[in-house]
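Just below is one structure, and these are the notes that go with it.
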Number of protein chains: 2
Amino acid sequence: MSTAIQGLSLINGEAVRGQGPAFRAFDPGRGEALAPEFHAVSPAQVAQACELAGQAFDALRATSDHERADFLEQIAAQILLLGDALIERAMAETGLPRARLEGERGRTMGQLKLFAELLREGSWQDARLDEALPQRQPLPRPDLRLRLIGVGPVAVFGASNFPLAFSVAGGDSAAALAAGCPVVVKAHSAHPGTSELVGRAVVAALRHCGLPAGVFALLAGSGHGIGEALVGHPAIQAVGFTGSRGGGMALMAVAAARPQPIPVYAEMSSINPVILLPAALSQRGAEIASGFAASLTLGVGQFCTNPGLVLGLAGADLDRFAAAAAEALRSVPAATMLSPGIAAACQRGTEHLAAQPGVQTLVRGEAQACQGAAALFKTDGAAFLAAHTALSAEIFGPASLLVACADADELAAVLACLEGQLTATLQLQDDRESDLALARRLLPLLERKVGRILANGFPTGVEVSHAMVHGGPFPATSDGRSSSVGTAAIQRFLRPVCYQNLPRALLPAVLRDPNERGVWRRRDGLLTRN
Amino acid sequence: MSTAIQGLSLINGEAVRGQGPAFRAFDPGRGEALAPEFHAVSPAQVAQACELAGQAFDALRATSDHERADFLEQIAAQILLLGDALIERAMAETGLPRARLEGERGRTMGQLKLFAELLREGSWQDARLDEALPQRQPLPRPDLRLRLIGVGPVAVFGASNFPLAFSVAGGDSAAALAAGCPVVVKAHSAHPGTSELVGRAVVAALRHCGLPAGVFALLAGSGHGIGEALVGHPAIQAVGFTGSRGGGMALMAVAAARPQPIPVYAEMSSINPVILLPAALSQRGAEIASGFAASLTLGVGQFCTNPGLVLGLAGADLDRFAAAAAEALRSVPAATMLSPGIAAACQRGTEHLAAQPGVQTLVRGEAQACQGAAALFKTDGAAFLAAHTALSAEIFGPASLLVACADADELAAVLACLEGQLTATLQLQDDRESDLALARRLLPLLERKVGRILANGFPTGVEVSHAMVHGGPFPATSDGRSSSVGTAAIQRFLRPVCYQNLPRALLPAVLRDPNERGVWRRRDGLLTRN
């Protein structure tokens, strides 16, 4: 497989030139455009990719779990075969350092392999069997069997901040392909070269596994038109998106206005409150401040789980925490952000927050063009409650607001007025009943607001596993019923089908008796491998 | 508990008079309004019910599975205690016969008990545990635990055609309460007295179980305003609706336009194709015709699973089927429908279908006011394909269209142009390879279109069990990812929450070690009762 980037899209297994306007990637570290030139796809090319995906759906979902598992593992292998060319191009397109991108490549391959494991285990289909009761009175019960199937072709929009793990072969694509859904990816315009390389790896894996070319397409482009055409195409049956609130809301509107509305899983906006409980703040304030500063500035704050809000009870302990955090943040140099647009938005957001009434600037680093600098602000609970919409707007970057609350009631009121979040973190002493009691009071509120509740850690760093939830109530995501990370993500691309009195010869394998694979199924509601 | 109907709503556990306009129920059999007068609730009363539901949510979800199971069973017991007063009022308000309503009461109680069983079994929470790996390189893994929790208060809109099983204490309410979600029911204006009685039973069960009064409310009213206010209220977190396509679409629009959009599970429109495969048609045509006529006219055709479309290959066998079905239908007398509005809509729909080009009337019975009469029409595949939107519009009543297709390709093309459906039925000979081969060809297409695929039965009659899917792609429902019947329905009102490194003292019981209840959970993705 060639690792030369040609500026092409991938449709029907072929590298094709877009019929739309030209654009280039941009190296935010060097401040210069990158070769080669890309061309956006045309509406006709979007439609072609979607139609091929619709045609490939039945062939893909007819493959066995083991065949799709092999396919996912083959994608991982092909990504590794791209070698250093992938890492170097991703570094140039994102400004992210080598170690981070090598780690992200490992994570991307790991999540493909985890979905392969899930398929081999087999119970993802939620097979259920309620056998016929022909003698039942007053009416016999028919034979009923349920399984989950893929919803159909999925449109995936990659995130700027994870050019591998949340992009072309990232979590949404892995989950959709595992579910048997073809994928049409709109390449992020900030990393089109990285996208092209990974797209070629997916196409190589498709060929290796003998799957139809329509199972995967990669569409280059810049601007909103292609995304709207993609989400509006009748063959597309679900959407995965990670990005801005405005972008997500626009796709939700397109999806809802279709003749057939479809689900959109958009991850959009979160400020991830960190709550400093009194005993923890008293006993470990300096250590928490240091961990907080590291979490806030990790990756120049360009994580959706970035801790953008810190809450504590006003007092000397919180003042010491603020001073320690400010000192730690002052020592973190400004660094290159993903794109000039992201750096400018971070700058604007930081300025806007600094200008709010009642907001005091504790730290505000100097940043050159295309850089982000650490910033920490402070306000009190009353000021926050009076202007919570302005004070809780996400700043995508290393900026956070510390809120000194008068008491536990005010702290709870601040949490209650927040919108949905990906995470909330409790810093607490688990040997101190006072912290545990306050945590018990806050937990029901946090459960209603967030997808993941952490104790004594920081929200950055999202494990890829079975029990992870990377999601949360609106606007953290458009649909709090699912996760975009971990094996639970497969559920977003599945729907149930029931088979009533179907002859054994026509039943899907997972619903036939005997249960040859020994997959966990429910008989009359009870789990069994029989 | 009194069984006198007072024309009241139920808010905060109290029977209250609505502050809005008066209206009465109507007896479609006698053609007269029924006492007493009801009063629609005011916007302030809607808001009060929703706020109380929001306040009661934490208390309800803090109950154990066993406590909520007892509550559901207590609702069933209280419904039975209403005795014949319930059946008689439901007969008067719906025109449905006693046996049907007694059966529906049993079904309603049965589904409450089935959800109680589901709660006692315990695995509905999808508990997952990925334990900490502190030694893992390059980074340790935190302890991660996932469970599902209720989404919050649910607005439920009952169906006219199931005044018990899809109404106040019907499937949506049972699923929501099982999930730990308070319920605010908008009583169907066609059966407000039946609703009031069942609502009183729910309130009695709440009191018996010592649960907060805000867990349940019943709002009387007529017209769209109350429903829109209910769905628009910020405390409401999901919507269950069964009714017309227009009504469902209106609620979807309200839900999508909220500052925080919420999921809507609207069951709206389905014509439930029945496909007559050649060998079955040849060998059992007369028997299928008789079963079809019975299914079409059951309950005066007032089922969302009514077989409104029959497809077969043109020829002598299909002609004989048509003649037999027409003869059977001619012998079915017209009968009272649920309401004058439903009867008039059925009449209009039948007239409209009869007037379409290429549509031949085989049977069209005479109906008095407020009655529905059996009707069967015939067309060919080419005519259907040329005007499929008009020819596939749902007629809610005992009317069906037989489509004679030129060949299997045309039959597949007719199926492909249908919108999403609740069901599809294959009449086939399972000992004839020709029928099986055609069924195998059609199944992937049907799986993409419908929620339940039947062989050799008829779609009316929906079993309440674990493997049932009563749902399907749009517009059969607004969200094909779920079922409104059977235990799978609980999933529509759940969302996942992950707990990272939470001290044992703060973990929800289902996620603690040891697993005291022995509930099925996943450890590193594998099911275990440890």
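Residues in the structure tokens are numbered from 1 in each chain, the chains being A, B, ... in the order shown, and ligands are numbered from 1 in the order shown.
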
If we count only C-alpha atoms and set the cut-off at 9 Å, which residues sit around Leu101 of chain A, ignoring sequence neighbours fewer than 2 positions away in its own chain? Please answer as a list in words.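 What passes the distance filter is Ile87, Ala90, Met91, Leu96, Pro97, Arg98, Ala99, Gly103, Glu104, Arg105, Gly106, Phe162, Pro163 and Leu164 of chain A.
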
Residues as selected, all heavy atoms, written as a tab-separated table (two decimals), in the first residue's frame, can you do that?
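Listed below is the output, out.tsv:
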```tsv
chain	number	residue	atom	x	y	z
A	87	ILE	N	2.13	8.80	11.22
A	87	ILE	CA	2.42	9.63	12.39
A	87	ILE	C	2.94	11.00	11.95
A	87	ILE	O	2.53	12.04	12.48
A	87	ILE	CB	3.45	8.92	13.30
A	87	ILE	CG1	2.92	7.54	13.75
A	87	ILE	CG2	3.83	9.79	14.49
A	87	ILE	CD1	1.66	7.58	14.57
A	90	ALA	N	0.13	13.13	10.52
A	90	ALA	CA	-0.78	13.56	11.59
A	90	ALA	C	-0.13	14.65	12.44
A	90	ALA	O	-0.79	15.62	12.84
A	90	ALA	CB	-1.19	12.37	12.46
A	91	MET	N	1.18	14.53	12.70
A	91	MET	CA	1.88	15.58	13.44
A	91	MET	C	1.80	16.90	12.70
A	91	MET	O	1.53	17.96	13.28
A	91	MET	CB	3.35	15.18	13.66
A	91	MET	CG	3.54	14.06	14.68
A	91	MET	SD	5.24	13.40	14.67
A	91	MET	CE	6.15	14.81	15.32
A	96	LEU	N	0.03	17.99	17.05
A	96	LEU	CA	0.13	17.11	18.22
A	96	LEU	C	1.49	16.41	18.19
A	96	LEU	O	2.04	16.12	17.12
A	96	LEU	CB	-0.99	16.08	18.23
A	96	LEU	CG	-2.41	16.67	18.42
A	96	LEU	CD1	-3.47	15.59	18.18
A	96	LEU	CD2	-2.56	17.26	19.82
A	97	PRO	N	2.07	16.12	19.37
A	97	PRO	CA	3.39	15.51	19.41
A	97	PRO	C	3.37	14.03	19.05
A	97	PRO	O	2.34	13.37	19.13
A	97	PRO	CB	3.82	15.72	20.86
A	97	PRO	CG	2.57	15.90	21.64
A	97	PRO	CD	1.56	16.49	20.69
A	98	ARG	N	4.54	13.54	18.67
A	98	ARG	CA	4.69	12.15	18.23
A	98	ARG	C	4.17	11.15	19.26
A	98	ARG	O	3.42	10.23	18.91
A	98	ARG	CB	6.18	11.88	17.93
A	98	ARG	CG	6.51	10.42	17.68
A	98	ARG	CD	7.97	10.23	17.29
A	98	ARG	NE	8.24	10.78	15.97
A	98	ARG	CZ	8.01	10.12	14.83
A	98	ARG	NH1	7.53	8.88	14.85
A	98	ARG	NH2	8.27	10.69	13.68
A	99	ALA	N	4.58	11.32	20.52
A	99	ALA	CA	4.20	10.31	21.52
A	99	ALA	C	2.69	10.23	21.65
A	99	ALA	O	2.12	9.14	21.76
A	99	ALA	CB	4.83	10.66	22.87
A	103	GLY	N	0.52	6.97	20.72
A	103	GLY	CA	-0.43	6.42	21.69
A	103	GLY	C	-1.83	6.34	21.11
A	103	GLY	O	-2.55	5.36	21.30
A	104	GLU	N	-2.21	7.36	20.37
A	104	GLU	CA	-3.55	7.37	19.79
A	104	GLU	C	-3.70	6.30	18.71
A	104	GLU	O	-4.78	5.70	18.58
A	104	GLU	CB	-3.85	8.76	19.22
A	104	GLU	CG	-5.32	8.90	18.86
A	104	GLU	CD	-5.65	10.28	18.28
A	104	GLU	OE1	-5.04	11.28	18.69
A	104	GLU	OE2	-6.53	10.32	17.41
A	105	ARG	N	-2.60	6.05	17.99
A	105	ARG	CA	-2.67	4.94	17.02
A	105	ARG	C	-2.92	3.62	17.75
A	105	ARG	O	-3.74	2.80	17.33
A	105	ARG	CB	-1.39	4.88	16.21
A	105	ARG	CG	-1.36	3.70	15.23
A	105	ARG	CD	-0.11	3.72	14.36
A	105	ARG	NE	1.11	3.65	15.18
A	105	ARG	CZ	2.34	3.79	14.70
A	105	ARG	NH1	2.53	4.02	13.41
A	105	ARG	NH2	3.39	3.72	15.50
A	106	GLY	N	-2.22	3.42	18.87
A	106	GLY	CA	-2.41	2.21	19.65
A	106	GLY	C	-3.85	2.10	20.16
A	106	GLY	O	-4.46	1.03	20.14
A	162	PHE	N	-8.85	14.26	17.70
A	162	PHE	CA	-8.39	12.87	17.71
A	162	PHE	C	-8.33	12.40	16.26
A	162	PHE	O	-9.26	11.74	15.79
A	162	PHE	CB	-9.34	11.98	18.52
A	162	PHE	CG	-9.13	12.05	20.00
A	162	PHE	CD1	-9.84	12.93	20.78
A	162	PHE	CD2	-8.19	11.22	20.61
A	162	PHE	CE1	-9.65	12.99	22.15
A	162	PHE	CE2	-8.00	11.27	21.99
A	162	PHE	CZ	-8.72	12.15	22.76
A	163	PRO	N	-7.25	12.75	15.55
A	163	PRO	CA	-7.22	12.48	14.11
A	163	PRO	C	-7.21	10.99	13.77
A	163	PRO	O	-7.42	10.61	12.62
A	163	PRO	CB	-5.92	13.15	13.65
A	163	PRO	CG	-5.07	13.22	14.90
A	163	PRO	CD	-6.03	13.41	16.03
A	164	LEU	N	-7.01	10.15	14.78
A	164	LEU	CA	-7.04	8.70	14.55
A	164	LEU	C	-8.21	8.05	15.33
A	164	LEU	O	-9.05	7.38	14.75
A	164	LEU	CB	-5.71	8.06	14.97
A	164	LEU	CG	-4.47	8.63	14.24
A	164	LEU	CD1	-3.19	8.09	14.85
A	164	LEU	CD2	-4.54	8.31	12.75
```

Dump as a Markdown table the rows for residues of chain A within 8 Å of chain B: closest atom pair and distance in Å with one decimal, only C-alpha atoms counted, ordered by chain and rising residue number.
```
| residue | atom | partner | partner_atom | distance |
| --- | --- | --- | --- | --- |
| A:Asp58 | CA | B:Pro444 | CA | 6.7 |
| A:Leu118 | CA | B:Gly525 | CA | 7.6 |
| A:Arg128 | CA | B:Ala467 | CA | 5.2 |
| A:Leu129 | CA | B:Ala467 | CA | 5.9 |
| A:Asp130 | CA | B:Ala467 | CA | 6.0 |
| A:Arg141 | CA | B:Glu463 | CA | 7.2 |
| A:Pro142 | CA | B:Glu463 | CA | 7.9 |
| A:Leu144 | CA | B:Ala467 | CA | 5.7 |
| A:Arg145 | CA | B:Ala467 | CA | 5.3 |
| A:Leu146 | CA | B:Ala467 | CA | 5.0 |
| A:Val151 | CA | B:Arg448 | CA | 7.7 |
| A:Gly152 | CA | B:Arg448 | CA | 7.9 |
| A:Ala256 | CA | B:Ala256 | CA | 7.7 |
| A:Gln260 | CA | B:Phe474 | CA | 6.1 |
| A:Pro261 | CA | B:Phe474 | CA | 7.3 |
| A:Ile262 | CA | B:Asp479 | CA | 8.0 |
| A:Pro263 | CA | B:Asp479 | CA | 7.9 |
| A:Asp430 | CA | B:Pro503 | CA | 6.5 |
| A:Leu436 | CA | B:Leu506 | CA | 7.4 |
| A:Ala439 | CA | B:Leu506 | CA | 7.8 |
| A:Arg440 | CA | B:Leu506 | CA | 6.7 |
| A:Pro444 | CA | B:Asp58 | CA | 6.6 |
| A:Glu447 | CA | B:Val497 | CA | 6.8 |
| A:Arg448 | CA | B:Val151 | CA | 7.7 |
| A:Val450 | CA | B:Val497 | CA | 7.4 |
| A:Gly451 | CA | B:Val497 | CA | 4.9 |
| A:Arg452 | CA | B:Cys498 | CA | 4.5 |
| A:Ile453 | CA | B:Tyr499 | CA | 4.9 |
| A:Leu454 | CA | B:Gln500 | CA | 4.5 |
| A:Ala455 | CA | B:Leu502 | CA | 5.2 |
| A:Asn456 | CA | B:Asn501 | CA | 7.3 |
| A:Gly457 | CA | B:Asn501 | CA | 7.9 |
| A:Glu463 | CA | B:Arg141 | CA | 7.2 |
| A:Ser465 | CA | B:Asp130 | CA | 7.2 |
| A:His466 | CA | B:Gly525 | CA | 5.6 |
| A:Ala467 | CA | B:Leu146 | CA | 4.9 |
| A:Met468 | CA | B:Cys498 | CA | 6.0 |
| A:Val469 | CA | B:Cys498 | CA | 5.4 |
| A:Phe474 | CA | B:Gln260 | CA | 6.1 |
| A:Pro475 | CA | B:Gln260 | CA | 7.3 |
| A:Ser478 | CA | B:Pro261 | CA | 7.7 |
| A:Asp479 | CA | B:Pro263 | CA | 7.9 |
| A:Gly480 | CA | B:Arg495 | CA | 6.4 |
| A:Arg481 | CA | B:Arg495 | CA | 4.4 |
| A:Ser482 | CA | B:Pro496 | CA | 6.8 |
| A:Ser483 | CA | B:Pro496 | CA | 7.9 |
| A:Leu494 | CA | B:Arg481 | CA | 6.8 |
| A:Arg495 | CA | B:Arg481 | CA | 4.4 |
| A:Pro496 | CA | B:Arg481 | CA | 6.4 |
| A:Val497 | CA | B:Gly451 | CA | 4.9 |
| A:Cys498 | CA | B:Arg452 | CA | 4.5 |
| A:Tyr499 | CA | B:Ile453 | CA | 4.9 |
| A:Gln500 | CA | B:Leu454 | CA | 4.5 |
| A:Asn501 | CA | B:Ala455 | CA | 5.5 |
| A:Leu502 | CA | B:Ala455 | CA | 5.2 |
| A:Pro503 | CA | B:Asp430 | CA | 6.5 |
| A:Ala505 | CA | B:Leu436 | CA | 8.0 |
| A:Leu506 | CA | B:Arg440 | CA | 6.7 |
| A:Asp524 | CA | B:His466 | CA | 6.3 |
| A:Gly525 | CA | B:His466 | CA | 5.6 |
```

Leaving out segment 11-14 of chain A and any residue of its chain fewer than 2 positions from it, which residues lie within 10 Å of it when counting only C-alpha atoms, given as an MDAnalysis selection string? chainID A and resid 8:9 16:17 45:46 48:50 52:53 184 199:200 202:204 206:207 212:219

Residues of segment 161-226 of chain B classed as helix (DSSP H, G or I) by DSSP on the backbone are to be reported as a ChimeraX atom specification. /B:171-178,192-209,213-215,225-226

Selected residues, N, CA and C atoms, written as a short mmCIF file (atom, residue, chain, number, x, y, z; two decimals), in the first residue's frame, please.
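Saved file again23.cif follows:
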```cif
data_model
loop_
_atom_site.label_atom_id
_atom_site.label_comp_id
_atom_site.auth_asym_id
_atom_site.auth_seq_id
_atom_site.Cartn_x
_atom_site.Cartn_y
_atom_site.Cartn_z
N GLY B 171 -48.41 -0.30 28.47
CA GLY B 171 -47.01 -0.69 28.28
C GLY B 171 -46.01 0.42 28.53
N ASP B 172 -46.28 1.61 28.00
CA ASP B 172 -45.31 2.70 28.20
C ASP B 172 -45.19 3.07 29.67
N SER B 173 -46.34 3.17 30.36
CA SER B 173 -46.29 3.52 31.78
C SER B 173 -45.58 2.43 32.57
N ALA B 174 -45.89 1.18 32.29
CA ALA B 174 -45.26 0.08 33.02
C ALA B 174 -43.75 0.09 32.80
N ALA B 175 -43.34 0.28 31.55
CA ALA B 175 -41.91 0.30 31.24
C ALA B 175 -41.22 1.47 31.93
N ALA B 176 -41.85 2.63 31.90
CA ALA B 176 -41.24 3.82 32.50
C ALA B 176 -41.13 3.65 34.02
N LEU B 177 -42.21 3.22 34.65
CA LEU B 177 -42.17 3.05 36.11
C LEU B 177 -41.16 1.97 36.49
N ALA B 178 -41.09 0.89 35.72
CA ALA B 178 -40.09 -0.15 35.99
C ALA B 178 -38.69 0.45 35.92
N PRO B 192 -61.91 9.17 28.77
CA PRO B 192 -61.45 9.84 29.99
C PRO B 192 -61.92 9.16 31.27
N GLY B 193 -63.10 8.55 31.23
CA GLY B 193 -63.62 7.90 32.43
C GLY B 193 -62.82 6.63 32.74
N THR B 194 -62.57 5.82 31.72
CA THR B 194 -61.72 4.65 31.88
C THR B 194 -60.36 5.08 32.43
N SER B 195 -59.84 6.17 31.88
CA SER B 195 -58.54 6.68 32.32
C SER B 195 -58.58 7.09 33.79
N GLU B 196 -59.66 7.79 34.16
CA GLU B 196 -59.74 8.23 35.55
C GLU B 196 -59.75 7.03 36.50
N LEU B 197 -60.51 6.01 36.14
CA LEU B 197 -60.57 4.83 37.02
C LEU B 197 -59.19 4.18 37.16
N VAL B 198 -58.53 3.96 36.03
CA VAL B 198 -57.21 3.31 36.11
C VAL B 198 -56.22 4.23 36.83
N GLY B 199 -56.34 5.53 36.59
CA GLY B 199 -55.47 6.47 37.29
C GLY B 199 -55.65 6.38 38.80
N ARG B 200 -56.89 6.24 39.24
CA ARG B 200 -57.13 6.08 40.68
C ARG B 200 -56.47 4.80 41.20
N ALA B 201 -56.49 3.77 40.38
CA ALA B 201 -55.83 2.52 40.80
C ALA B 201 -54.33 2.74 40.98
N VAL B 202 -53.73 3.51 40.07
CA VAL B 202 -52.28 3.77 40.18
C VAL B 202 -52.01 4.59 41.45
N VAL B 203 -52.84 5.59 41.69
CA VAL B 203 -52.64 6.42 42.89
C VAL B 203 -52.80 5.58 44.16
N ALA B 204 -53.79 4.68 44.14
CA ALA B 204 -53.97 3.80 45.31
C ALA B 204 -52.73 2.92 45.51
N ALA B 205 -52.16 2.44 44.41
CA ALA B 205 -50.96 1.61 44.51
C ALA B 205 -49.77 2.43 45.04
N LEU B 206 -49.65 3.65 44.58
CA LEU B 206 -48.59 4.54 45.08
C LEU B 206 -48.70 4.69 46.60
N ARG B 207 -49.93 4.97 47.06
CA ARG B 207 -50.14 5.15 48.50
C ARG B 207 -49.82 3.88 49.25
N HIS B 208 -50.30 2.77 48.72
CA HIS B 208 -50.07 1.47 49.36
C HIS B 208 -48.58 1.21 49.53
N CYS B 209 -47.81 1.63 48.55
CA CYS B 209 -46.36 1.36 48.56
C CYS B 209 -45.56 2.49 49.19
N ALA B 213 -46.26 11.07 45.78
CA ALA B 213 -47.42 11.29 44.92
C ALA B 213 -47.02 11.79 43.55
N GLY B 214 -45.87 12.46 43.44
CA GLY B 214 -45.44 13.00 42.15
C GLY B 214 -45.05 11.94 41.13
N VAL B 215 -44.95 10.68 41.56
CA VAL B 215 -44.54 9.61 40.64
C VAL B 215 -45.54 9.41 39.49
N GLY B 225 -53.21 21.33 22.69
CA GLY B 225 -52.43 22.24 23.53
C GLY B 225 -51.79 21.57 24.73
N ILE B 226 -52.55 20.69 25.41
CA ILE B 226 -52.04 20.07 26.62
C ILE B 226 -50.86 19.17 26.30
#
```

Apply DSSP to the structure's backbone, then extract all residues of segment 63-247 of chain B labelled strand (DSSP E or B) and return them as a tab-separated table (two decimals) with N, CA, C and O atoms, in the first residue's frame.
```tsv
chain	number	residue	atom	x	y	z
B	128	ARG	N	-21.95	-3.52	34.37
B	128	ARG	CA	-20.65	-3.88	33.79
B	128	ARG	C	-19.55	-3.45	34.73
B	128	ARG	O	-19.60	-2.33	35.27
B	129	LEU	N	-18.55	-4.28	34.91
B	129	LEU	CA	-17.44	-3.98	35.81
B	129	LEU	C	-16.13	-4.26	35.08
B	129	LEU	O	-15.90	-5.40	34.67
B	130	ASP	N	-15.35	-3.23	34.90
B	130	ASP	CA	-13.98	-3.42	34.39
B	130	ASP	C	-13.07	-2.99	35.54
B	130	ASP	O	-12.91	-1.80	35.79
B	133	LEU	N	-6.67	-1.96	36.76
B	133	LEU	CA	-5.42	-2.66	36.46
B	133	LEU	C	-4.29	-1.68	36.79
B	133	LEU	O	-3.78	-0.99	35.91
B	141	ARG	N	-5.18	1.12	34.41
B	141	ARG	CA	-6.60	1.27	34.09
B	141	ARG	C	-7.36	1.57	35.37
B	141	ARG	O	-7.16	0.89	36.37
B	144	LEU	N	-13.82	0.83	36.50
B	144	LEU	CA	-14.95	1.39	35.76
B	144	LEU	C	-16.17	0.49	35.93
B	144	LEU	O	-16.07	-0.73	35.75
B	145	ARG	N	-17.29	1.09	36.26
B	145	ARG	CA	-18.52	0.32	36.46
B	145	ARG	C	-19.67	1.07	35.81
B	145	ARG	O	-19.79	2.27	35.98
B	146	LEU	N	-20.48	0.34	35.08
B	146	LEU	CA	-21.58	0.95	34.34
B	146	LEU	C	-22.91	0.35	34.79
B	146	LEU	O	-23.00	-0.83	35.06
B	147	ARG	N	-23.92	1.19	34.87
B	147	ARG	CA	-25.29	0.68	35.01
B	147	ARG	C	-26.21	1.61	34.23
B	147	ARG	O	-25.86	2.76	33.93
B	148	LEU	N	-27.40	1.12	33.93
B	148	LEU	CA	-28.42	1.95	33.31
B	148	LEU	C	-29.29	2.56	34.39
B	148	LEU	O	-29.59	1.92	35.40
B	149	ILE	N	-29.68	3.82	34.19
B	149	ILE	CA	-30.64	4.46	35.09
B	149	ILE	C	-31.79	5.03	34.26
B	149	ILE	O	-31.67	5.17	33.03
B	150	GLY	N	-32.88	5.35	34.91
B	150	GLY	CA	-34.01	5.96	34.21
B	150	GLY	C	-33.63	7.32	33.65
B	150	GLY	O	-32.77	8.03	34.19
B	154	VAL	N	-41.45	10.75	32.32
B	154	VAL	CA	-41.89	10.37	30.97
B	154	VAL	C	-43.33	10.83	30.76
B	154	VAL	O	-44.18	10.65	31.63
B	155	ALA	N	-43.57	11.44	29.62
B	155	ALA	CA	-44.94	11.80	29.23
B	155	ALA	C	-45.52	10.66	28.41
B	155	ALA	O	-44.89	10.21	27.45
B	156	VAL	N	-46.70	10.19	28.78
B	156	VAL	CA	-47.33	9.06	28.09
B	156	VAL	C	-48.67	9.51	27.49
B	156	VAL	O	-49.49	10.12	28.18
B	157	PHE	N	-48.84	9.19	26.22
B	157	PHE	CA	-50.09	9.47	25.51
B	157	PHE	C	-50.73	8.14	25.15
B	157	PHE	O	-50.16	7.38	24.36
B	183	VAL	N	-44.26	9.15	35.76
B	183	VAL	CA	-45.06	9.17	34.54
B	183	VAL	C	-46.14	10.24	34.66
B	183	VAL	O	-46.83	10.32	35.67
B	184	VAL	N	-46.26	11.05	33.63
B	184	VAL	CA	-47.38	11.99	33.52
B	184	VAL	C	-48.17	11.57	32.28
B	184	VAL	O	-47.66	11.63	31.16
B	185	VAL	N	-49.40	11.10	32.51
B	185	VAL	CA	-50.22	10.59	31.42
B	185	VAL	C	-51.20	11.66	30.97
B	185	VAL	O	-51.90	12.25	31.77
B	186	LYS	N	-51.23	11.90	29.67
B	186	LYS	CA	-52.32	12.69	29.08
B	186	LYS	C	-53.41	11.68	28.74
B	186	LYS	O	-53.22	10.82	27.86
B	216	PHE	N	-46.78	9.82	39.71
B	216	PHE	CA	-47.80	9.59	38.69
B	216	PHE	C	-48.78	10.75	38.64
B	216	PHE	O	-49.21	11.25	39.69
B	217	ALA	N	-49.14	11.18	37.46
B	217	ALA	CA	-50.23	12.15	37.30
B	217	ALA	C	-51.02	11.78	36.06
B	217	ALA	O	-50.49	11.18	35.12
B	218	LEU	N	-52.28	12.15	36.08
B	218	LEU	CA	-53.18	11.91	34.95
B	218	LEU	C	-53.84	13.24	34.60
B	218	LEU	O	-54.47	13.86	35.46
B	219	LEU	N	-53.68	13.66	33.36
B	219	LEU	CA	-54.18	14.96	32.94
B	219	LEU	C	-55.31	14.78	31.94
B	219	LEU	O	-55.11	14.19	30.86
B	238	ALA	N	-38.66	12.11	28.25
B	238	ALA	CA	-38.94	11.20	27.14
B	238	ALA	C	-40.45	11.14	26.96
B	238	ALA	O	-41.21	11.50	27.88
B	239	VAL	N	-40.87	10.69	25.79
B	239	VAL	CA	-42.29	10.69	25.44
B	239	VAL	C	-42.66	9.34	24.82
B	239	VAL	O	-41.94	8.85	23.95
B	240	GLY	N	-43.76	8.77	25.30
B	240	GLY	CA	-44.34	7.59	24.67
B	240	GLY	C	-45.70	7.95	24.11
B	240	GLY	O	-46.53	8.53	24.82
B	241	PHE	N	-45.92	7.62	22.86
B	241	PHE	CA	-47.16	8.03	22.17
B	241	PHE	C	-47.60	6.91	21.26
B	241	PHE	O	-46.78	6.29	20.59
B	242	THR	N	-48.89	6.66	21.20
B	242	THR	CA	-49.45	5.75	20.20
B	242	THR	C	-50.65	6.46	19.62
B	242	THR	O	-51.57	6.83	20.35
```

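By only C-alpha atoms, and with residues fewer than 5 positions from Gly372 of chain B along its chain excluded, the set lying at most 10 Å from it is B:Thr297, B:Val300, B:Gly301, B:Gln302, B:Pro333, B:Ala334, B:Ala335, B:Thr336, B:Met337, B:Leu338, B:Ile342, B:Ala343, B:Ala344, B:Ala345, B:Cys346, B:Gln347, B:Gly365, B:Glu366, B:Ala367, B:Phe396, B:Gly397, B:Pro398, B:Ala399.
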
Within 6 Å of Val363 of chain A, counting only C-alpha atoms, which residues qualify if same-chain residues fewer than 5 places away don't, as a PyMOL selection string? chain A and resi 326+375-376

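The smallest atom-to-atom distance between Glu37 of chain A and any of A:Ala382, A:Ala220, A:Ile75, A:Leu313, using only C-alpha atoms, is found for A:Ala220.
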
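Considering only C-alpha atoms, the residue among B:Gly122, B:Gly243, B:Gly341, B:Gly31 positioned nearest to Ala509 of chain B is B:Gly122.
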
What separates atom CA of Ala324 of chain B and atom CA of Ala289 of chain B is a distance of 5.9 Å

Could you please determine the separation between atom CA of Arg517 of chain B and atom CA of Leu119 of chain B in Å, to one decimal place?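 Going from atom CA of Arg517 of chain B over to atom CA of Leu119 of chain B covers 12.0 Å.
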